[in-house]
>>> print(open('run_1.cif').read())   # mmCIF, C-alpha atoms
data_target
loop_
_atom_site.label_atom_id
_atom_site.label_comp_id
_atom_site.auth_asym_id
_atom_site.auth_seq_id
_atom_site.Cartn_x
_atom_site.Cartn_y
_atom_site.Cartn_z
CA MET J 1 -4.29 -25.13 -1.69
CA ILE J 2 -0.64 -25.82 -0.80
CA ARG J 3 0.39 -22.23 -1.53
CA PHE J 4 -2.49 -20.90 0.56
CA ILE J 5 -1.57 -23.13 3.51
CA LEU J 6 2.10 -22.14 3.25
CA CYS J 7 1.21 -18.44 3.19
CA VAL J 8 -0.99 -18.83 6.27
CA ILE J 9 1.80 -20.68 8.07
CA VAL J 10 4.31 -17.94 7.18
CA VAL J 11 2.02 -15.09 8.28
CA VAL J 12 0.88 -16.71 11.53
CA GLY J 13 4.36 -18.05 12.25
CA PHE J 14 5.94 -14.66 11.72
CA LEU J 15 3.43 -12.88 13.94
CA ILE J 16 4.00 -15.34 16.78
CA LEU J 17 7.77 -15.63 16.43
CA SER J 18 8.13 -11.87 16.06
CA ILE J 19 6.99 -11.21 19.63
CA PRO J 20 10.59 -11.21 20.94
CA ILE J 21 11.63 -9.17 17.89
CA LEU J 22 9.09 -6.52 18.83
CA PHE J 23 10.57 -6.42 22.31
CA VAL J 24 14.14 -6.12 21.01
CA GLU J 25 13.11 -3.38 18.61
CA TRP J 26 11.36 -1.55 21.44
CA ILE J 27 14.66 -1.50 23.30
CA ILE J 28 16.55 -0.34 20.20
CA GLY J 29 13.99 2.41 19.75
CA LYS J 30 14.79 3.78 23.18
CA PHE J 31 18.33 4.55 22.00
CA ASN J 32 17.93 4.97 18.23
CA PRO J 33 14.32 5.42 17.02
CA MET J 34 15.32 5.71 13.35
CA ALA J 35 17.30 2.46 13.45
CA LYS J 36 14.25 0.70 14.90
CA GLU J 37 11.96 2.05 12.18
CA ILE J 38 14.30 1.12 9.33
CA SER J 39 14.78 -2.32 10.85
CA SER J 40 11.01 -2.85 11.08
CA LEU J 41 10.62 -1.73 7.47
CA ARG J 42 13.26 -4.14 6.16
CA ILE J 43 11.99 -7.09 8.22
CA VAL J 44 8.42 -6.79 6.94
CA GLN J 45 9.61 -6.15 3.38
CA ALA J 46 11.60 -9.40 3.54
CA VAL J 47 8.57 -11.33 4.83
CA PHE J 48 6.40 -9.96 2.03
CA ARG J 49 9.00 -10.91 -0.59
CA PHE J 50 9.02 -14.44 0.81
CA ILE J 51 5.22 -14.60 0.66
CA LEU J 52 5.29 -13.50 -2.99
CA TRP J 53 7.90 -16.17 -3.74
CA ILE J 54 5.79 -18.87 -2.08
CA SER J 55 2.73 -17.64 -3.97
CA GLY J 56 4.49 -17.89 -7.31
CA VAL J 57 3.91 -14.25 -8.20
CA LYS J 58 5.93 -13.11 -11.21
CA LEU J 59 6.32 -9.34 -11.18
CA THR J 60 6.91 -7.06 -14.14
CA VAL J 61 7.79 -3.61 -12.79
CA ILE J 62 7.63 -0.51 -14.98
CA GLY J 63 8.62 3.05 -14.15
CA GLU J 64 10.16 2.43 -10.74
CA GLU J 65 12.68 5.16 -11.54
CA ASN J 66 9.77 7.62 -11.24
CA VAL J 67 9.61 7.12 -7.47
CA PRO J 68 11.54 9.83 -5.58
CA THR J 69 13.87 8.26 -3.02
CA ASP J 70 14.87 11.40 -1.14
CA VAL J 71 11.46 12.80 -0.17
CA PRO J 72 8.21 11.28 1.13
CA VAL J 73 5.43 10.74 -1.40
CA LEU J 74 1.74 9.93 -1.51
CA TYR J 75 1.26 6.64 -3.34
CA ILE J 76 -2.21 6.17 -4.82
CA GLY J 77 -3.23 2.94 -6.51
CA ASN J 78 -6.04 0.74 -7.72
CA HIS J 79 -7.05 -1.96 -5.25
CA ARG J 80 -8.28 -5.41 -6.24
CA SER J 81 -6.51 -7.88 -3.97
CA PHE J 82 -5.23 -8.61 -0.48
CA PHE J 83 -1.89 -9.05 -2.25
CA ASP J 84 -1.71 -5.39 -3.31
CA VAL J 85 0.12 -4.52 -0.08
CA PRO J 86 2.67 -7.40 -0.19
CA ILE J 87 3.35 -6.46 -3.82
CA THR J 88 3.87 -2.74 -3.29
CA TYR J 89 5.37 -2.52 0.20
CA PRO J 90 8.71 -4.27 -0.53
CA ARG J 91 9.37 -1.65 -3.22
CA CYS J 92 9.05 1.35 -0.89
CA PRO J 93 12.52 2.95 -0.64
CA ILE J 94 11.85 4.84 2.60
CA ARG J 95 9.56 4.52 5.64
CA THR J 96 6.01 4.16 4.40
CA GLY J 97 2.68 3.80 6.14
CA TYR J 98 -0.50 2.48 4.57
CA ILE J 99 -4.00 3.66 5.31
CA ALA J 100 -6.06 0.59 6.17
CA LYS J 101 -9.63 -0.05 7.18
CA LYS J 102 -10.44 0.35 10.87
CA GLU J 103 -11.21 -3.35 11.29
CA MET J 104 -7.52 -4.22 10.84
CA GLU J 105 -6.73 -2.50 14.13
CA LYS J 106 -8.49 -5.34 15.98
CA VAL J 107 -6.12 -8.06 14.72
CA PRO J 108 -3.59 -8.92 17.47
CA LEU J 109 0.12 -8.56 16.63
CA LEU J 110 -0.67 -7.60 13.03
CA SER J 111 -1.97 -4.23 14.19
CA THR J 112 1.12 -3.86 16.41
CA TRP J 113 3.39 -4.24 13.39
CA MET J 114 1.20 -1.94 11.32
CA LYS J 115 1.44 0.79 13.93
CA ARG J 116 5.22 0.29 14.09
CA LEU J 117 5.28 0.89 10.34
CA HIS J 118 3.21 4.10 10.59
CA CYS J 119 0.04 2.58 9.18
CA LEU J 120 -3.17 4.45 9.96
CA PHE J 121 -6.66 3.05 10.42
CA LEU J 122 -9.57 4.69 8.65
CA ASP J 123 -13.15 4.42 9.85
CA ARG J 124 -15.11 4.73 6.62
CA ASN J 125 -18.38 5.23 8.51
CA ASP J 126 -17.22 8.12 10.69
CA LEU J 127 -16.46 11.34 8.80
CA LYS J 128 -14.95 13.04 11.84
CA GLN J 129 -12.56 10.18 12.53
CA GLY J 130 -11.81 9.94 8.81
CA LEU J 131 -10.75 13.58 8.77
CA LYS J 132 -8.58 12.98 11.82
CA THR J 133 -6.85 10.11 10.03
CA ILE J 134 -6.13 12.29 6.98
CA LEU J 135 -4.73 15.04 9.22
CA THR J 136 -2.48 12.50 10.92
CA ALA J 137 -1.31 11.28 7.52
CA ILE J 138 -0.41 14.85 6.56
CA GLU J 139 1.75 15.14 9.68
CA LYS J 140 3.39 11.80 8.90
CA VAL J 141 4.38 13.05 5.43
CA LYS J 142 5.71 16.30 6.86
CA SER J 143 7.92 14.25 9.19
CA GLY J 144 9.44 12.33 6.26
CA ILE J 145 7.18 9.27 6.00
CA SER J 146 5.52 8.27 2.74
CA ILE J 147 1.86 7.31 2.78
CA CYS J 148 0.09 4.81 0.52
CA ILE J 149 -3.67 4.93 0.09
CA PHE J 150 -6.12 3.18 -2.20
CA PRO J 151 -8.56 6.00 -3.06
CA GLU J 152 -11.31 3.61 -4.18
CA GLY J 153 -11.91 3.08 -0.46
CA THR J 154 -12.33 -0.68 -0.71
CA ARG J 155 -11.24 -3.62 -2.82
CA ASN J 156 -12.76 -3.50 -6.27
CA THR J 157 -14.34 -6.86 -7.11
CA GLY J 158 -15.96 -5.59 -10.32
CA GLU J 159 -15.14 -6.13 -13.95
CA GLU J 160 -11.59 -6.59 -15.18
CA LEU J 161 -9.80 -3.27 -15.81
CA SER J 162 -12.48 -1.35 -13.91
CA VAL J 163 -11.64 1.26 -11.26
CA LEU J 164 -14.07 2.49 -8.64
CA PRO J 165 -14.49 6.29 -8.26
CA PHE J 166 -11.65 7.83 -6.27
CA HIS J 167 -12.42 9.64 -3.02
CA SER J 168 -11.08 13.17 -3.37
CA GLY J 169 -10.31 13.43 0.35
CA SER J 170 -7.36 11.08 -0.14
CA PHE J 171 -5.54 13.74 -2.13
CA LYS J 172 -5.66 16.28 0.69
CA ILE J 173 -2.58 14.52 2.05
CA ALA J 174 -0.54 15.76 -0.91
CA GLU J 175 -2.27 19.13 -1.17
CA LYS J 176 -1.59 20.04 2.46
CA SER J 177 1.86 18.49 2.82
CA GLY J 178 3.26 19.49 -0.58
CA CYS J 179 4.53 15.98 -1.32
CA PRO J 180 4.46 14.49 -4.83
CA ILE J 181 1.76 12.01 -5.80
CA VAL J 182 2.96 8.76 -7.37
CA PRO J 183 0.26 6.73 -9.16
CA ILE J 184 0.57 2.94 -8.88
CA SER J 185 -1.24 0.88 -11.52
CA MET J 186 -1.56 -2.87 -10.93
CA ASN J 187 -2.77 -5.51 -13.36
CA ASN J 188 -3.95 -9.01 -12.52
CA THR J 189 -3.50 -9.00 -8.73
CA ILE J 190 -7.03 -10.33 -8.30
CA SER J 191 -5.95 -13.51 -10.14
CA ILE J 192 -3.51 -14.45 -7.38
CA PHE J 193 -6.16 -15.27 -4.79
CA GLU J 194 -9.61 -13.73 -5.02
CA LYS J 195 -10.62 -15.25 -8.38
CA GLN J 196 -10.24 -18.81 -7.13
CA PHE J 197 -10.56 -18.34 -3.35
CA PRO J 198 -9.16 -20.00 -1.28
CA ARG J 199 -6.51 -21.22 -3.73
CA ILE J 200 -3.44 -19.14 -4.55
CA LYS J 201 -2.34 -19.42 -8.17
CA LYS J 202 0.96 -18.64 -9.89
CA THR J 203 0.26 -15.29 -11.52
CA HIS J 204 1.95 -12.70 -13.69
CA VAL J 205 1.39 -9.25 -12.21
CA ILE J 206 2.29 -5.93 -13.78
CA ILE J 207 2.91 -2.89 -11.63
CA GLU J 208 3.67 0.51 -13.11
CA TYR J 209 4.72 3.65 -11.26
CA GLY J 210 3.58 6.86 -12.95
CA LYS J 211 5.50 10.09 -13.06
CA PRO J 212 5.21 12.15 -9.87
CA ILE J 213 2.48 14.78 -9.78
CA TYR J 214 3.26 17.98 -7.87
CA VAL J 215 0.07 19.70 -6.74
CA LYS J 216 1.84 23.06 -6.45
CA ASP J 217 2.51 22.98 -10.20
CA LEU J 218 -1.17 22.53 -11.10
CA ASP J 219 -3.52 25.34 -12.00
CA ARG J 220 -6.83 25.86 -10.22
CA GLU J 221 -8.86 23.72 -12.62
CA GLN J 222 -6.33 20.88 -12.54
CA LYS J 223 -6.45 20.91 -8.73
CA LYS J 224 -10.26 20.63 -8.84
CA GLN J 225 -9.99 17.63 -11.14
CA LEU J 226 -7.04 16.03 -9.34
CA SER J 227 -8.76 12.86 -8.16
CA GLN J 228 -10.49 12.31 -11.52
CA ASN J 229 -7.26 12.91 -13.43
CA CYS J 230 -5.32 10.50 -11.23
CA GLN J 231 -8.05 7.92 -11.66
CA LYS J 232 -7.83 8.31 -15.43
CA ILE J 233 -4.05 7.90 -15.37
CA ILE J 234 -4.43 4.59 -13.55
CA GLU J 235 -7.33 3.42 -15.73
CA ASP J 236 -5.41 4.21 -18.93
CA THR J 237 -2.28 2.51 -17.60
CA ILE J 238 -3.93 -0.76 -16.58
CA LYS J 239 -5.70 -0.93 -19.95
CA LYS J 240 -2.38 -0.36 -21.72
CA ASN J 241 -0.54 -2.96 -19.65
CA GLN J 242 -3.20 -5.64 -20.04
CA ALA J 243 -1.62 -6.48 -23.39
CA LEU J 244 1.62 -7.44 -21.61
CA LEU J 245 0.07 -10.28 -19.61
#
>>> encode(input="run_1.cif", output="structure tokens")
Amino acid sequence: MIRFILCVIVVVGFLILSIPILFVEWIIGKFNPMAKEISSLRIVQAVFRFILWISGVKLTVIGEENVPTDVPVLYIGNHRSFFDVPITYPRCPIRTGYIAKKEMEKVPLLSTWMKRLHCLFLDRNDLKQGLKTILTAIEKVKSGISICIFPEGTRNTGEELSVLPFHSGSFKIAEKSGCPIVPISMNNTISIFEKQFPRIKKTHVIIEYGKPIYVKDLDREQKKQLSQNCQKIIEDTIKKNQALL
């Protein structure tokens, strides 16, 4: 329970103490918007790294060289834990927004930071609003911001190594913007917290970045099967990496 309590203290403490930081960054943004955005990125990345350290997460990272650092990308990954974001976000080389569930927008201060970091909120029960969110994500990518989405649509609490069916709409972001797709495969994140809620346990996590997929290089049939093929890449990767735990 000590790790859980420490993580709560860090998160709540940061959100409260960051109020003046938000104000300072607002001022910076008036003169240099890019400096403000990079500063926000690095601050939150540092907080997430600290949370992982407190939690005792040991990371094995594979294939990070596959992530382009000069162009925005669409990250797609399997989703089994609240820790999936703190694990992946510190490794984003450029400005990156996540697509989160609509309910997160109601959390004070947290939603303010998320909006600062170009996160978008998806209403899974409203198709029209969902489409609007995807269109906004496409514009974000075109402006140089990477987007990360978990195409399962929710956290998977099922069997070990299972992956829920991917929603094909997620891939429209890459199809319409022309950005590469980078698969993220994560093993064992559910063992950090969800398996023994509310305790946080020291855990070995494996994260692997797949080779970028360029939609423009795919033929018609491959484009039709894009979501299924990406799902298979992640399924095969997490099964392969399970032996490394």
>>> atom_distance(input="run_1.cif", atom1="CA of Trp53 (chain J)", atom2="CA of Ser18 (chain J)")
20.3 Å
>>> closest_residue(input="run_1.cif", among="J:Ile206, J:Cys92, J:Leu117, J:Ile238", to="Glu160 (chain J)", atoms="only C-alpha atoms")
J:Ile238
>>> resolve_selection(input="run_1.cif", expression="the PyMOL selection byres ((chain J and resi 11) around 12)", output="list of chain:residue names")
J:Phe4, J:Ile5, J:Leu6, J:Cys7, J:Val8, J:Ile9, J:Val10, J:Val12, J:Gly13, J:Phe14, J:Leu15, J:Ile16, J:Leu17, J:Ser18, J:Val44, J:Val47, J:Phe48, J:Phe50, J:Ile51, J:Leu52, J:Ile54, J:Pro86, J:Leu109, J:Leu110
>>> resolve_selection(input="run_1.cif", expression="the PyMOL selection byres ((chain J and resi 202) around 10)", output="PDB file with C-alpha atoms, in the coordinates of the input")
ATOM      1  CA  ARG J   3       0.390 -22.230  -1.530  1.00  0.00           C
ATOM      2  CA  LEU J  52       5.290 -13.500  -2.990  1.00  0.00           C
ATOM      3  CA  TRP J  53       7.900 -16.170  -3.740  1.00  0.00           C
ATOM      4  CA  ILE J  54       5.790 -18.870  -2.080  1.00  0.00           C
ATOM      5  CA  SER J  55       2.730 -17.640  -3.970  1.00  0.00           C
ATOM      6  CA  GLY J  56       4.490 -17.890  -7.310  1.00  0.00           C
ATOM      7  CA  VAL J  57       3.910 -14.250  -8.200  1.00  0.00           C
ATOM      8  CA  LYS J  58       5.930 -13.110 -11.210  1.00  0.00           C
ATOM      9  CA  SER J 191      -5.950 -13.510 -10.140  1.00  0.00           C
ATOM     10  CA  ILE J 192      -3.510 -14.450  -7.380  1.00  0.00           C
ATOM     11  CA  PHE J 193      -6.160 -15.270  -4.790  1.00  0.00           C
ATOM     12  CA  ILE J 200      -3.440 -19.140  -4.550  1.00  0.00           C
ATOM     13  CA  LYS J 201      -2.340 -19.420  -8.170  1.00  0.00           C
ATOM     14  CA  THR J 203       0.260 -15.290 -11.520  1.00  0.00           C
ATOM     15  CA  HIS J 204       1.950 -12.700 -13.690  1.00  0.00           C
ATOM     16  CA  VAL J 205       1.390  -9.250 -12.210  1.00  0.00           C
TER      17      VAL J 205
END
>>> residues_around(input="run_1.cif", residues="Ile181 (chain J)", least_positions_apart="3", cutoff="8 Å", atoms="all atoms listed in the file", output="ChimeraX atom specification")
/J:73-76,174,212-215
>>> residues_around(input="run_1.cif", residues="Lys216 (chain J)", least_positions_apart="6", cutoff="9 Å", atoms="all atoms listed in the file", output="PyMOL selection string")
chain J and resi 175+178+223
>>> atom_distance(input="run_1.cif", atom1="CA of Phe197 (chain J)", atom2="CA of Ile62 (chain J)")
28.0 Å
>>> closest_residue(input="run_1.cif", among="J:Ile190, J:Val71, J:Ala100, J:Leu161", to="Ala243 (chain J)", atoms="only C-alpha atoms")
J:Leu161
>>> resolve_selection(input="run_1.cif", expression="the PyMOL selection byres ((chain J and resi 157) around 12)", output="PyMOL selection string")
chain J and resi 78-82+152+154-156+158-164+188-191+193-195
>>> closest_residue(input="run_1.cif", among="J:Asn241, J:Ser40, J:Gln228, J:Thr69", to="Ser168 (chain J)", atoms="only C-alpha atoms")
J:Gln228
>>> residues_around(input="run_1.cif", residues="Leu135 (chain J)", least_positions_apart="6", cutoff="10 Å", atoms="only C-alpha atoms", output="PDB file with C-alpha atoms, in the coordinates of the input")
ATOM      1  CA  GLN J 129     -12.560  10.180  12.530  1.00  0.00           C
ATOM      2  CA  LYS J 172      -5.660  16.280   0.690  1.00  0.00           C
ATOM      3  CA  ILE J 173      -2.580  14.520   2.050  1.00  0.00           C
ATOM      4  CA  LYS J 176      -1.590  20.040   2.460  1.00  0.00           C
ATOM      5  CA  SER J 177       1.860  18.490   2.820  1.00  0.00           C
TER       6      SER J 177
END
>>> closest_residue(input="run_1.cif", among="J:Ile43, J:Ile184, J:Ile147, J:Ile234", to="Ile21 (chain J)", atoms="all atoms listed in the file")
J:Ile43
>>> decode(input="run_1.cif", residues="region 172-186 of chain J", atoms="all heavy atoms", output="short mmCIF file (atom, residue, chain, number, x, y, z; two decimals), in the first residue's frame")
data_model
loop_
_atom_site.label_atom_id
_atom_site.label_comp_id
_atom_site.auth_asym_id
_atom_site.auth_seq_id
_atom_site.Cartn_x
_atom_site.Cartn_y
_atom_site.Cartn_z
N LYS J 172 -7.95 5.78 -39.16
CA LYS J 172 -8.24 6.87 -40.10
C LYS J 172 -7.28 8.03 -39.88
O LYS J 172 -7.00 8.80 -40.81
CB LYS J 172 -9.68 7.36 -39.92
CG LYS J 172 -10.74 6.34 -40.30
CD LYS J 172 -10.71 6.01 -41.78
CE LYS J 172 -11.80 5.01 -42.15
NZ LYS J 172 -11.71 4.60 -43.58
N ILE J 173 -6.77 8.15 -38.65
CA ILE J 173 -5.84 9.23 -38.34
C ILE J 173 -4.60 9.13 -39.22
O ILE J 173 -4.12 10.13 -39.78
CB ILE J 173 -5.44 9.19 -36.85
CG1 ILE J 173 -6.69 9.37 -35.98
CG2 ILE J 173 -4.39 10.25 -36.53
CD1 ILE J 173 -6.47 9.08 -34.51
N ALA J 174 -4.09 7.90 -39.39
CA ALA J 174 -2.91 7.71 -40.23
C ALA J 174 -3.27 7.75 -41.71
O ALA J 174 -2.53 8.31 -42.53
CB ALA J 174 -2.24 6.37 -39.90
N GLU J 175 -4.42 7.18 -42.06
CA GLU J 175 -4.83 7.13 -43.46
C GLU J 175 -5.02 8.53 -44.03
O GLU J 175 -4.62 8.82 -45.17
CB GLU J 175 -6.13 6.33 -43.60
CG GLU J 175 -5.97 4.83 -43.31
CD GLU J 175 -7.29 4.10 -43.36
OE1 GLU J 175 -8.23 4.61 -44.01
OE2 GLU J 175 -7.42 3.04 -42.73
N LYS J 176 -5.61 9.42 -43.25
CA LYS J 176 -5.93 10.76 -43.75
C LYS J 176 -4.78 11.76 -43.57
O LYS J 176 -4.72 12.76 -44.30
CB LYS J 176 -7.17 11.30 -43.03
CG LYS J 176 -8.43 10.46 -43.24
CD LYS J 176 -8.82 10.37 -44.71
CE LYS J 176 -10.11 9.58 -44.90
NZ LYS J 176 -10.48 9.45 -46.34
N SER J 177 -3.90 11.50 -42.64
CA SER J 177 -2.80 12.43 -42.41
C SER J 177 -1.51 12.01 -43.12
O SER J 177 -0.63 12.83 -43.35
CB SER J 177 -2.52 12.57 -40.91
OG SER J 177 -1.97 11.36 -40.39
N GLY J 178 -1.42 10.70 -43.46
CA GLY J 178 -0.22 10.20 -44.11
C GLY J 178 0.92 9.88 -43.16
O GLY J 178 2.03 9.55 -43.58
N CYS J 179 0.68 9.94 -41.85
CA CYS J 179 1.74 9.67 -40.89
C CYS J 179 1.97 8.17 -40.73
O CYS J 179 1.08 7.36 -40.99
CB CYS J 179 1.41 10.28 -39.53
SG CYS J 179 0.14 9.39 -38.61
N PRO J 180 3.17 7.77 -40.31
CA PRO J 180 3.42 6.35 -40.05
C PRO J 180 2.71 5.87 -38.80
O PRO J 180 2.46 6.66 -37.87
CB PRO J 180 4.94 6.28 -39.88
CG PRO J 180 5.35 7.65 -39.48
CD PRO J 180 4.38 8.59 -40.13
N ILE J 181 2.39 4.58 -38.78
CA ILE J 181 1.80 3.94 -37.60
C ILE J 181 2.90 3.18 -36.88
O ILE J 181 3.65 2.41 -37.50
CB ILE J 181 0.69 2.95 -38.01
CG1 ILE J 181 -0.44 3.69 -38.74
CG2 ILE J 181 0.15 2.20 -36.79
CD1 ILE J 181 -1.44 2.74 -39.40
N VAL J 182 3.03 3.40 -35.58
CA VAL J 182 4.02 2.68 -34.78
C VAL J 182 3.29 1.81 -33.75
O VAL J 182 2.68 2.34 -32.82
CB VAL J 182 4.98 3.64 -34.06
CG1 VAL J 182 5.94 2.87 -33.16
CG2 VAL J 182 5.77 4.46 -35.08
N PRO J 183 3.33 0.49 -33.92
CA PRO J 183 2.69 -0.39 -32.93
C PRO J 183 3.49 -0.42 -31.63
O PRO J 183 4.71 -0.47 -31.64
CB PRO J 183 2.71 -1.77 -33.61
CG PRO J 183 3.02 -1.50 -35.06
CD PRO J 183 3.84 -0.26 -35.08
N ILE J 184 2.77 -0.37 -30.50
CA ILE J 184 3.39 -0.49 -29.18
C ILE J 184 2.80 -1.74 -28.51
O ILE J 184 1.59 -1.83 -28.32
CB ILE J 184 3.11 0.72 -28.29
CG1 ILE J 184 3.57 2.01 -28.97
CG2 ILE J 184 3.82 0.57 -26.95
CD1 ILE J 184 3.25 3.26 -28.15
N SER J 185 3.66 -2.67 -28.17
CA SER J 185 3.22 -3.91 -27.51
C SER J 185 3.74 -3.92 -26.08
O SER J 185 4.94 -3.78 -25.85
CB SER J 185 3.76 -5.13 -28.26
OG SER J 185 3.42 -5.07 -29.63
N MET J 186 2.83 -4.06 -25.11
CA MET J 186 3.22 -4.02 -23.70
C MET J 186 2.85 -5.31 -22.99
O MET J 186 1.72 -5.77 -23.10
CB MET J 186 2.57 -2.82 -23.02
CG MET J 186 3.12 -1.48 -23.46
SD MET J 186 2.26 -0.08 -22.71
CE MET J 186 0.80 0.02 -23.78
#
